[in-house]
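Novice: Before I ask anything, let me first share the structure, which is written out below as structure tokens.
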Number of protein chains: 4
Amino acid sequence: MYRFNCDYLEGAHPEIIRRLSETNLQQTASYGADEYSERAREKIKTACQCPNAKVYFLVGGTQSNYAVLDSLLKNYEGVISADTGHINVHEAGAIEFSGHKILTIPAHDGKLDPCDVEKYLNSFYADGTYPHMVRPGAIYISHPSEYGTLYTKDQLISLRELCDRFGMKLYLDGARLGYGLAAENTDVGLPEIAKYCHAFYIGGTKVGALFGEAVVFTDESDGNYFFTEMKQHGALLAKGRILGLQFDTLFTDDLYFNIGRHAISLAMKIKREFTKKGYLTYLDSYTNQQFFILEESKLCELLEKVIIDDWGPMGAGKRLVRITTSWATTEEAVDYLISLI
Amino acid sequence: MYRFNCDYLEGAHPEIIRRLSETNLQQTASYGADEYSERAREKIKTACQCPNAKVYFLVGGTQSNYAVLDSLLKNYEGVISADTGHINVHEAGAIEFSGHKILTIPAHDGKLDPCDVEKYLNSFYADGTYPHMVRPGAIYISHPSEYGTLYTKDQLISLRELCDRFGMKLYLDGARLGYGLAAENTDVGLPEIAKYCHAFYIGGTKVGALFGEAVVFTDESDGNYFFTEMKQHGALLAKGRILGLQFDTLFTDDLYFNIGRHAISLAMKIKREFTKKGYLTYLDSYTNQQFFILEESKLCELLEKVIIDDWGPMGAGKRLVRITTSWATTEEAVDYLISLI
Amino acid sequence: MYRFNCDYLEGAHPEIIRRLSETNLQQTASYGADEYSERAREKIKTACQCPNAKVYFLVGGTQSNYAVLDSLLKNYEGVISADTGHINVHEAGAIEFSGHKILTIPAHDGKLDPCDVEKYLNSFYADGTYPHMVRPGAIYISHPSEYGTLYTKDQLISLRELCDRFGMKLYLDGARLGYGLAAENTDVGLPEIAKYCHAFYIGGTKVGALFGEAVVFTDESDGNYFFTEMKQHGALLAKGRILGLQFDTLFTDDLYFNIGRHAISLAMKIKREFTKKGYLTYLDSYTNQQFFILEESKLCELLEKVIIDDWGPMGAGKRLVRITTSWATTEEAVDYLISLI
Amino acid sequence: MYRFNCDYLEGAHPEIIRRLSETNLQQTASYGADEYSERAREKIKTACQCPNAKVYFLVGGTQSNYAVLDSLLKNYEGVISADTGHINVHEAGAIEFSGHKILTIPAHDGKLDPCDVEKYLNSFYADGTYPHMVRPGAIYISHPSEYGTLYTKDQLISLRELCDRFGMKLYLDGARLGYGLAAENTDVGLPEIAKYCHAFYIGGTKVGALFGEAVVFTDESDGNYFFTEMKQHGALLAKGRILGLQFDTLFTDDLYFNIGRHAISLAMKIKREFTKKGYLTYLDSYTNQQFFILEESKLCELLEKVIIDDWGPMGAGKRLVRITTSWATTEEAVDYLISLI
């Protein structure tokens, strides 16, 4: 049965498996000091047009989020996030485990509105009791967001300006970054992200890798002791070359971007066909996650033939569903799905 | 140049790579709910003769140590460890990051002597000010230890008795467990470990896996919310099936044990030949790490031809070196090393 | 200039100062092992009709909240709180510093509605991804709330039932408890609080003491290692007798309750007179904090003659103000305030 | 029965009680914004000859130690301490609770030897695996130490030089500072401490106050958000004026120094007379804690008539005892003690 319920159902892009096999018996230095990791770091810095960036490879998204934020924040600082942000909902309190409060602001289609953030900050510092409160030390955004939506370049600039004005860091969670970069009308590429964010990660787990995320610090004052912090957070892989090799592969011959384009083209096809057939989209996503509002009966019917993600009732006998494509989704699977509606 | 400096220089046992390739495009449930993980859990429980054990798969050793200890300990408790214990020396303060003090006792050849532990505990509770001190809530041992030495069954029993008497948990770090199980005259197998320890992990990273450790809780009162704790500690892999598949492979057809036997047989050959040639062993190790005391000049000579691990000066122009074998070490490499001495 | 802006403007009830002076040169055991602390513990257990309770004396409210909640919660658990709860707003992230997430629910007049909590819990456990989220391990309520409102006995019973059903602890922050106990038509006394809450604290700082809060654990399974946890949280006073003596004094001859009655009688007078003059109350408080909606011009006029607490704009040229009485407020001061309106 | 077992047996110096009574009903701003706190801060800065210092008032010693060290240290840093240091032994793991490892070095008479610290640091950075270890970020010393011994000015200078060389902060725990400043032949006064330490606290609890410690940050880059950090660590007193008033009193008319001199003069008398009678001192203390080695039988005899502190067996039927004087010790009590030997 075809599955569209998430974007981490398979192993890795075949090219990655091929290279893991090919290099398997080589002996290399550990903890990321190998040549594959070194090469991957260089390629990522080039792709980001940020030659002085520091690049580290971690295993997963929650791990990256809490290790990086703990590194960026002072002990007494918290992080601003949309209330729907992954760190606020689905990370089992990892941020709080590392001692930091999440300062939530209501999301708009999964995103923070820079105006809301500015209002929050003005009101925070206008309140005479603010020294009794958690100082906002960073802004967390996910791009694409948990709802598949994307920030514009102007929004990134606005958020960065707020960071500069109020002494904060801008951090971008790129778990699905490849699918955001490949979206049709985005004006945000890796160089823009590297320019406006103090730190971010380029997601591998959902974009072709077996697992792995590439954390990038763009500012010379950040991330200088991050190797030790990784170890401290249980986030340092002994055989670092496995991560290096994967990102070396992803950033060779545009593989990372091609993977993105493939998934987006299929996602747009689904969106188009569903819309054509009169299904309502929940919001206007241009990335690999598509959200539709289906009749309960229609959903039941579909679920007998494919696996899609039921996000719960919307009232009036309707339900919200998520359909996800990835590097591994085939044209054939998508056509089959479309044939069912 | 042959390397003997550690046991995580290569990728994974070829059988693991083969199965990763073979299953790569299958779509499975995530976070360890897949059939490979399920099968691996069953095989491990069988090998441990502990049908009610709970088995979880994590990515690395430091991660396993700090997630498990944080789960076993109460907020106000610390963990007893040899001063040479990995958690005390080489984990960048991960245990303290999770809020717990390490209560150190001087090691004997890398091991805790149960008599020392008993003395420590008696003296702790005899001191009227003990409520102002960190309560010992667990004992951490590594088996093999960082120096390749092994606990006897009697020592495990003694440590467990202390745990029962003083309300503590016994936790065993099995980063190199496969090499301990395969040692010549050990009376400690997986069933004994499962019988006497509240929790332990079966190391994969150093024993044939690309990465991964299998954490086992043997007591029904422990580890019941460990899935959430893994997530909270950044230790939950999205594509859990990669871990499950590896341990399924390692626990099929005795692969894990065969890997151990292979490395031990080569380590014993090295020990025999070095001893024959008059080199002093630093301590009597029966596992895959062998420690010798070499003349500085001899070491320099060797280092031009092979890579072995220099552990520093021993006085009088001598140095301590570590030579390590693993699943990937070849007879040919060992013979070459021996030819140099 | 008379001040009504908070309830911790003065030192302590004169009787407390008298006894501190009188006993000053006595030599006593430290850390709460003295006879005054012992006597105070007994009197509090009697007042709570809970002979098996454990009573500890701490210095302040934030300290009590975070030490008690850290004691009640498992590592992976969070605490449910009204979004207006003191722990969520004005404690600088102390709960998160100790590793726990605050799970917020919108407040009604500063209080949690048990129905909202039930809905939250049902929906939490209905979501299949809940093991990726922070487990609710306790409910935090403040009584009186930050808005002076009080829970009814029925509400306490409902919250406790939810705790029993969902495996949680009920914790009550009684920073202003004395003023709640003395409210006119409350059906919640100390015995009810002790019966329905797993833990709570009886506030001293705002109710007659120089400083100090009496933490009460009512369940035999809680708080058994709290002495050590106090020390660990920097919350153990060396000269514990200073806390013991204060609570011994407060719980002798009904002083704690008389203090409450005094402040409430003056607060009710203010409420009556303001209402009579046509001022709007923001909500219906029966405790020592009264909230009124004043014209900006009227507020400016008042602030030239007395100090009251400006809580910010309410739209249409109005502002929310808080007027607070305490054990130290005089009839004369209140009459003067009333003369101004 | 006279007690010499510790220096926090009584309340406060009578002058403090007098002023608490006298000012009791005044209404003041809270959280240290009152005029008494302001005045005390000024007087302390003057006494330290450090006009730009930041001064904060906390409640107790453990609280001060863990709040200040958490403020000075980066997330990944630990603190060097003598193994006998108070933070390592008697603070229930507060430092580890805040996430930091204590890096212990064997003490000499309760003190760190700067040469040992230098050796430790050189060896730390010489080990190629140091990025896997906790970075030393601060040095903790207690002055007087837990054994009554004092650092010399030259030792402070050496420790500070190590801090400057290795990027660390020097922190001094002055729980009994008043008794150190008054020692006969010390060359370390408040100005020297302020000159060489990044932060320290002036102990009040054991030196005349009811409770309270004055934390001083001497460097402009430290302690700038410490108010919020105090709140976060449960260390902010609502009625800050109680702390301010006490330190204002202690730093008026040399009271703090006179208290020290009084206790030292009595301690020296005890030392002299015990030595005269042939009792062995355990080490050469010039402060208010004196350590003697007594026959078990002699100790038993004494304990029937006075309370002194038994620190346990020394072998050969002898025991180590501590005799402590304080601001409250009377000549009469000391003469009585001497009459018993």
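We label chains A, B, ... in the order they appear in the structure tokens, count residues from 1 in each chain, and number ligands from 1 in the order shown.
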Give me the chain D side of the contact with chain B, cut-off 6 Å, one line per residue showing its nearest atom pair and distance in Å at one decimal, counting only C-alpha atoms, sorted by chain and residue number, as a tab-separated table.
Specialist:
residue	atom	partner	partner_atom	distance
D:His90	CA	B:Met133	CA	5.2
D:Glu91	CA	B:His132	CA	5.9
D:Ala92	CA	B:Met133	CA	4.1
D:Gly93	CA	B:Val134	CA	5.6
D:Glu96	CA	B:Glu96	CA	5.0
D:Phe97	CA	B:Gly99	CA	4.1
D:Gly99	CA	B:Phe97	CA	4.1
D:His100	CA	B:Glu96	CA	5.7
D:Lys101	CA	B:Glu96	CA	5.6
D:His132	CA	B:Ala92	CA	5.1
D:Met133	CA	B:Ala92	CA	4.1
D:Val134	CA	B:Ala92	CA	4.6
Novice: Store the residues picked out above in a file with N, CA and C atoms, as a CSV table (one decimal), in the first residue's frame.
Specialist:
chain,number,residue,atom,x,y,z
D,90,HIS,N,29.0,19.5,50.3
D,90,HIS,CA,27.9,19.8,51.2
D,90,HIS,C,26.8,20.6,50.6
D,91,GLU,N,26.7,20.6,49.3
D,91,GLU,CA,25.6,21.4,48.7
D,91,GLU,C,24.7,20.6,47.9
D,92,ALA,N,24.6,19.3,48.2
D,92,ALA,CA,23.6,18.4,47.6
D,92,ALA,C,23.5,18.5,46.1
D,93,GLY,N,24.6,18.8,45.5
D,93,GLY,CA,24.7,18.7,44.0
D,93,GLY,C,24.0,19.9,43.4
D,96,GLU,N,25.7,20.8,40.0
D,96,GLU,CA,25.4,19.9,39.0
D,96,GLU,C,23.9,20.1,38.6
D,97,PHE,N,23.1,20.4,39.5
D,97,PHE,CA,21.7,20.6,39.2
D,97,PHE,C,21.6,21.8,38.2
D,99,GLY,N,23.7,22.3,36.0
D,99,GLY,CA,24.3,21.8,34.8
D,99,GLY,C,25.8,21.7,34.6
D,100,HIS,N,26.5,22.1,35.7
D,100,HIS,CA,28.0,22.2,35.6
D,100,HIS,C,28.7,21.1,36.4
D,101,LYS,N,29.8,20.6,35.8
D,101,LYS,CA,30.6,19.6,36.5
D,101,LYS,C,31.6,20.4,37.4
D,132,HIS,N,36.4,16.6,24.3
D,132,HIS,CA,35.4,15.7,24.8
D,132,HIS,C,35.2,15.8,26.3
D,133,MET,N,35.9,16.8,26.9
D,133,MET,CA,35.8,16.9,28.3
D,133,MET,C,35.2,18.3,28.7
D,134,VAL,N,34.9,18.5,29.9
D,134,VAL,CA,34.3,19.7,30.4
D,134,VAL,C,35.4,20.8,30.5
Novice: Which neighbours of Thr252 (chain C) fall inside 12 Å, counting only C-alpha atoms, when residues of the same chain fewer than 4 positions from it are skipped, and could you give them as number ranges by chain?
Specialist: C: 15-16, 36, 39-44, 46-47, 245-248, 256-259
Novice: Go ahead and dump the residues you just picked, C-alpha atoms, as a CSV table (one decimal), in the first residue's frame.
Specialist:
chain,number,residue,atom,x,y,z
C,15,GLU,CA,4.5,39.9,67.4
C,16,ILE,CA,7.1,38.2,65.1
C,36,TYR,CA,10.5,26.3,67.2
C,39,ARG,CA,6.4,23.3,67.2
C,40,ALA,CA,5.4,25.2,64.1
C,41,ARG,CA,5.2,21.9,62.1
C,42,GLU,CA,2.9,20.4,64.7
C,43,LYS,CA,0.6,23.4,64.8
C,44,ILE,CA,0.4,23.5,61.0
C,46,THR,CA,-3.1,20.3,63.4
C,47,ALA,CA,-4.6,23.3,61.5
C,245,LEU,CA,9.7,30.8,65.0
C,246,GLN,CA,7.7,32.9,62.5
C,247,PHE,CA,5.3,30.1,61.7
C,248,ASP,CA,5.1,29.1,65.3
C,256,TYR,CA,-2.5,33.9,60.8
C,257,PHE,CA,-6.3,33.9,60.5
C,258,ASN,CA,-6.7,37.2,62.3
C,259,ILE,CA,-4.2,38.8,59.9
Novice: Mind the document's chain letters and residue numbers, and return as a count of residues only the residues of region 157-299 of chain A that DSSP labels helix (DSSP H, G or I).
Specialist: 65
Novice: What is the distance, in Å and to one decimal place, between CA of Ile341 (chain D) and CA of Phe292 (chain D)?
Specialist: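 Computing it gives 12.2 Å between the two atoms.
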Novice: Pick out each residue of region 90-166 of chain D that DSSP on the backbone tags as strand (DSSP E or B); I need them as a PyMOL selection string.
Specialist: chain D and resi 102-105+108+111+135-142
Novice: Contacts of Val188 (chain D) at 7 Å or less, counting only C-alpha atoms, minus same-chain residues fewer than 5 places along, as a list in words?
Specialist: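 Counting only the stated atoms, we get Thr152, Lys153, Leu181 and Ile193 of chain D.
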Novice: Please identify all polymer residues within 12 Å of Gly223 (chain D), counting only C-alpha atoms, omitting same-chain residues fewer than 2 positions from it, and present them as a list in words.
Specialist: Tyr76 of chain A; Asn52, Ala53, Lys54, Val55, Tyr56, Ala67, Val68, Leu69, Asp70, Ser71, Leu72, Leu73, His198, Ala199, Phe200, Val215, Val216, Phe217, Thr218, Asp219, Glu220, Ser221, Tyr225, Phe226, Phe227, Thr228, Glu229 and Met230 of chain D
